[in-house]
Amino acid sequence: MIRTFAICSIMLALISCQQEIKPLPYIGDRTDIDGSMLEHDIRPFEFVNQLGSTIKNKDVDGKIYITDFFFISCPTICPRVKKQMLRLYSKVKNNEDVILLSHTIDPKRDTVEAMKIYADNLGIDHNKWWFLTGDKDQLLDIADDYFVAAYEDDEAPGGFDHSGKIILIDKEGRIRSFCDGTDPDSVDKMMKDIDQLIATYE
Amino acid sequence: MSNNLTIILVFCSILLYGIFALYSCAQEPFVQGKRIYEVNCGNCHMSDGHGLGDMYPDITKSDYFTSKKTDLICLIRHGKKGSVMESVIMPANKELTEVGINNLVNYLNYTWGDGSISKLDDVKTALANCQKD
């Protein structure tokens, strides 16, 4: 009997054997500026959130943030991604160092007022999760910096084609992880990455 | 000692067999309907039917699957304007066949409704009488 238990425990231990935790990678190409290698970062931007406040890079400086691209009238994957963003929101709700940003790629229809109604109906805290709108070219361009495909396409449902990626950015504005926002398992992994990233600042 | 081991082994086998049997027999009915749901509905109402905030309604307790079944067929075909905001609508599904709608309705009734079975003729009659706006 005792032997059976011993064998069982050894096997269990083997199965659950923890992998060594590697630091999160920096995603994107480094650039060589005057001999010092700089990590890929996010270009300067200026958008407006659902409360009508201007949001620039400096407003996310020193914050970990989680971001995605969507548009309100999107008939395809966006609501699924938002559901996963809501899960992430619930996770980090009480952590002051983490915020969420959702960029629209359809600023013509997704005005500040529309974004406010949308956010209200998700039931979220307007100071914790910003819904950003603004100049369309700027919004589509910055998607490139986050390695998100987003472009206008009359053939696509709703008029835009884009990926359902969710991206994790560290306090220095560098991309550290991303996941598929339509896949809850992929988002589970992102949750671990968020914990790991938070821990590096403690 | 060896006696105990035998008991454990026998117990494990029964357990494994049970799990295996469960997996192979419990095939869900209305697989076609489920597939249509995932493609045409699940993005907004989610696979579990719970929707998203107050934006896309939770349909798991919807009376469209109990007392408003005829309306359900028209809702699927013709969609509905959103009441929360203009750009959030329930889209029409012009490309679904009558058989497809019937499969979908059966899946919905089975999963969240009263479990009643819809017949192709019910779908045809309902579609012929939809109020278009």
# chains A, B, ... in the order shown; residues from 1 in each chain; ligands from 1
$ interface_residues --of "chain B" --to "chain A" --cutoff "9 Å" --atoms "only C-alpha atoms" --output "list in words"
Met1, Ser2, Asn4, Leu5, Val39, Asn40, Gly42, Asn43, Cys44, His45, Met46, Gly51, Leu52, Gly53, Asp54, Met55, Tyr56, Val84, Met85, Glu86, Ser87, Val88, Ile89, Met90 and Pro91 of chain B
$ select_by_dssp --residues "chain A" --states "helix (DSSP H, G or I)" --output "JSON, numbers by chain"
{"A": [2, 3, 4, 5, 6, 7, 8, 9, 10, 11, 12, 13, 14, 15, 16, 57, 58, 59, 60, 78, 79, 80, 81, 82, 83, 84, 85, 86, 87, 88, 89, 90, 91, 92, 112, 113, 114, 115, 116, 117, 118, 119, 120, 121, 122, 136, 137, 138, 139, 140, 141, 142, 143, 144, 145, 157, 158, 159, 184, 185, 186, 187, 188, 189, 190, 191, 192, 193, 194, 195, 196, 197, 198, 199, 200]}
$ residues_around --residues "Thr111 (chain B)" --least-positions-apart "4" --cutoff "12 Å" --atoms "only C-alpha atoms" --output "VMD selection string"
chain B and resid 28 to 31 33 to 34 37 47 to 49 59 to 62 65 to 66 104 to 107 115 to 117
$ closest_residue --among "A:Leu197, A:Val92, A:Ala149, A:Leu38" --to "Asp161 (chain A)" --atoms "only C-alpha atoms"
A:Ala149
$ residues_around --residues "region 170-174 of chain A" --least-positions-apart "6" --cutoff "8 Å" --atoms "only C-alpha atoms" --output "NGL selection string"
:A and (26-27 or 39-42 or 60-65 or 197)
$ residues_around --residues "Phe45 (chain A)" --least-positions-apart "3" --cutoff "9 Å" --atoms "only C-alpha atoms" --output "mmCIF file with N, CA and C atoms, in the first residue's frame"
data_model
loop_
_atom_site.group_PDB
_atom_site.id
_atom_site.type_symbol
_atom_site.label_atom_id
_atom_site.label_comp_id
_atom_site.auth_asym_id
_atom_site.auth_seq_id
_atom_site.Cartn_x
_atom_site.Cartn_y
_atom_site.Cartn_z
ATOM 1 N N ILE A 42 6.786 52.020 -29.067
ATOM 2 C CA ILE A 42 5.563 52.548 -29.666
ATOM 3 C C ILE A 42 5.783 54.011 -30.029
ATOM 4 N N ILE A 55 -5.085 61.592 -24.613
ATOM 5 C CA ILE A 55 -4.194 60.559 -24.077
ATOM 6 C C ILE A 55 -2.961 60.473 -24.967
ATOM 7 N N LYS A 56 -1.782 60.687 -24.346
ATOM 8 C CA LYS A 56 -0.516 60.595 -25.068
ATOM 9 C C LYS A 56 0.373 59.554 -24.411
ATOM 10 N N ASN A 57 1.512 59.311 -25.036
ATOM 11 C CA ASN A 57 2.455 58.328 -24.493
ATOM 12 C C ASN A 57 2.743 58.552 -23.014
ATOM 13 N N GLN A 138 -3.560 57.680 -37.880
ATOM 14 C CA GLN A 138 -2.735 57.464 -36.699
ATOM 15 C C GLN A 138 -3.109 56.149 -36.001
ATOM 16 N N LEU A 139 -4.425 55.889 -35.949
ATOM 17 C CA LEU A 139 -4.883 54.660 -35.290
ATOM 18 C C LEU A 139 -4.434 53.417 -36.061
ATOM 19 N N ILE A 142 -0.537 53.023 -35.720
ATOM 20 C CA ILE A 142 -0.001 52.559 -34.448
ATOM 21 C C ILE A 142 -0.268 51.070 -34.258
#
$ residues_around --residues "region 118-124 of chain B" --least-positions-apart "4" --cutoff "7 Å" --atoms "only C-alpha atoms" --output "VMD selection string"
chain B and resid 73 98 to 99 102 105 to 106 128
$ select_by_dssp --residues "region 69-148 of chain A" --states "strand (DSSP E)" --output "MDAnalysis selection string"
chainID A and resid 69:70 98:104 129:132
$ closest_residue --among "B:Ala92, B:Cys130, B:Ile36, B:Cys74" --to "Leu108 (chain B)" --atoms "only C-alpha atoms"
B:Ile36
$ closest_residue --among "A:Leu140, A:Ala150, A:Val48, A:Ile169" --to "Val112 (chain A)" --atoms "only C-alpha atoms"
A:Val48
$ closest_residue --among "A:Met85, A:Leu100, A:Leu24, A:Ile105" --to "Glu152 (chain A)" --atoms "only C-alpha atoms"
A:Ile105
$ atom_distance --atom1 "CA of Asp68 (chain A)" --atom2 "CA of Arg87 (chain A)"
13.5 Å
$ decode --residues "region 53-117 of chain A" --atoms "C-alpha atoms" --output "PDB file, in the first residue's frame"
ATOM      1  CA  SER A  53      -9.432  63.542 -22.303  1.00  0.00           C
ATOM      2  CA  THR A  54      -6.376  63.625 -24.539  1.00  0.00           C
ATOM      3  CA  ILE A  55      -4.194  60.559 -24.077  1.00  0.00           C
ATOM      4  CA  LYS A  56      -0.516  60.595 -25.068  1.00  0.00           C
ATOM      5  CA  ASN A  57       2.455  58.328 -24.493  1.00  0.00           C
ATOM      6  CA  LYS A  58       3.282  60.107 -21.263  1.00  0.00           C
ATOM      7  CA  ASP A  59      -0.119  59.113 -19.865  1.00  0.00           C
ATOM      8  CA  VAL A  60       0.815  55.440 -20.085  1.00  0.00           C
ATOM      9  CA  ASP A  61       4.433  55.963 -19.065  1.00  0.00           C
ATOM     10  CA  GLY A  62       5.202  53.996 -15.922  1.00  0.00           C
ATOM     11  CA  LYS A  63       2.109  51.832 -16.386  1.00  0.00           C
ATOM     12  CA  ILE A  64       1.835  48.272 -17.556  1.00  0.00           C
ATOM     13  CA  TYR A  65      -0.910  48.232 -20.148  1.00  0.00           C
ATOM     14  CA  ILE A  66      -2.990  45.706 -22.019  1.00  0.00           C
ATOM     15  CA  THR A  67      -4.277  46.763 -25.418  1.00  0.00           C
ATOM     16  CA  ASP A  68      -6.403  45.677 -28.384  1.00  0.00           C
ATOM     17  CA  PHE A  69      -7.978  47.030 -31.591  1.00  0.00           C
ATOM     18  CA  PHE A  70     -11.679  46.814 -32.436  1.00  0.00           C
ATOM     19  CA  PHE A  71     -14.662  48.734 -33.728  1.00  0.00           C
ATOM     20  CA  ILE A  72     -18.086  48.946 -32.149  1.00  0.00           C
ATOM     21  CA  SER A  73     -20.167  47.802 -35.107  1.00  0.00           C
ATOM     22  CA  CYS A  74     -17.875  44.804 -35.710  1.00  0.00           C
ATOM     23  CA  PRO A  75     -20.056  41.788 -36.488  1.00  0.00           C
ATOM     24  CA  THR A  76     -17.281  39.212 -36.145  1.00  0.00           C
ATOM     25  CA  ILE A  77     -14.642  38.491 -33.503  1.00  0.00           C
ATOM     26  CA  CYS A  78     -14.539  41.790 -31.568  1.00  0.00           C
ATOM     27  CA  PRO A  79     -17.164  40.956 -28.942  1.00  0.00           C
ATOM     28  CA  ARG A  80     -15.360  37.684 -28.160  1.00  0.00           C
ATOM     29  CA  VAL A  81     -12.106  39.580 -27.730  1.00  0.00           C
ATOM     30  CA  LYS A  82     -13.845  42.153 -25.525  1.00  0.00           C
ATOM     31  CA  LYS A  83     -15.161  39.347 -23.348  1.00  0.00           C
ATOM     32  CA  GLN A  84     -11.556  38.253 -22.798  1.00  0.00           C
ATOM     33  CA  MET A  85     -10.460  41.858 -22.214  1.00  0.00           C
ATOM     34  CA  LEU A  86     -13.160  41.966 -19.523  1.00  0.00           C
ATOM     35  CA  ARG A  87     -11.600  38.891 -17.897  1.00  0.00           C
ATOM     36  CA  LEU A  88      -8.222  40.646 -17.919  1.00  0.00           C
ATOM     37  CA  TYR A  89      -9.858  43.807 -16.581  1.00  0.00           C
ATOM     38  CA  SER A  90     -11.326  41.869 -13.656  1.00  0.00           C
ATOM     39  CA  LYS A  91      -7.925  40.406 -12.932  1.00  0.00           C
ATOM     40  CA  VAL A  92      -6.044  43.711 -12.787  1.00  0.00           C
ATOM     41  CA  LYS A  93      -8.905  45.917 -11.564  1.00  0.00           C
ATOM     42  CA  ASN A  94      -7.325  46.535  -8.190  1.00  0.00           C
ATOM     43  CA  ASN A  95      -3.742  46.908  -9.345  1.00  0.00           C
ATOM     44  CA  GLU A  96      -2.932  50.596  -9.782  1.00  0.00           C
ATOM     45  CA  ASP A  97       0.033  49.878 -12.023  1.00  0.00           C
ATOM     46  CA  VAL A  98      -1.998  48.252 -14.786  1.00  0.00           C
ATOM     47  CA  ILE A  99      -4.478  49.827 -17.222  1.00  0.00           C
ATOM     48  CA  LEU A 100      -6.266  48.759 -20.395  1.00  0.00           C
ATOM     49  CA  LEU A 101      -6.488  50.578 -23.749  1.00  0.00           C
ATOM     50  CA  SER A 102      -8.872  49.659 -26.551  1.00  0.00           C
ATOM     51  CA  HIS A 103      -8.253  51.429 -29.868  1.00  0.00           C
ATOM     52  CA  THR A 104     -11.019  51.797 -32.415  1.00  0.00           C
ATOM     53  CA  ILE A 105     -10.103  51.466 -36.071  1.00  0.00           C
ATOM     54  CA  ASP A 106     -13.385  53.091 -37.133  1.00  0.00           C
ATOM     55  CA  PRO A 107     -13.147  56.570 -35.551  1.00  0.00           C
ATOM     56  CA  LYS A 108     -15.741  58.004 -37.916  1.00  0.00           C
ATOM     57  CA  ARG A 109     -18.515  56.043 -36.240  1.00  0.00           C
ATOM     58  CA  ASP A 110     -16.775  55.395 -32.917  1.00  0.00           C
ATOM     59  CA  THR A 111     -16.818  58.916 -31.570  1.00  0.00           C
ATOM     60  CA  VAL A 112     -16.052  59.897 -27.985  1.00  0.00           C
ATOM     61  CA  GLU A 113     -19.792  59.738 -27.209  1.00  0.00           C
ATOM     62  CA  ALA A 114     -20.158  56.284 -28.781  1.00  0.00           C
ATOM     63  CA  MET A 115     -17.124  54.998 -26.900  1.00  0.00           C
ATOM     64  CA  LYS A 116     -18.586  56.334 -23.644  1.00  0.00           C
ATOM     65  CA  ILE A 117     -21.866  54.491 -24.204  1.00  0.00           C
TER      66      ILE A 117
END
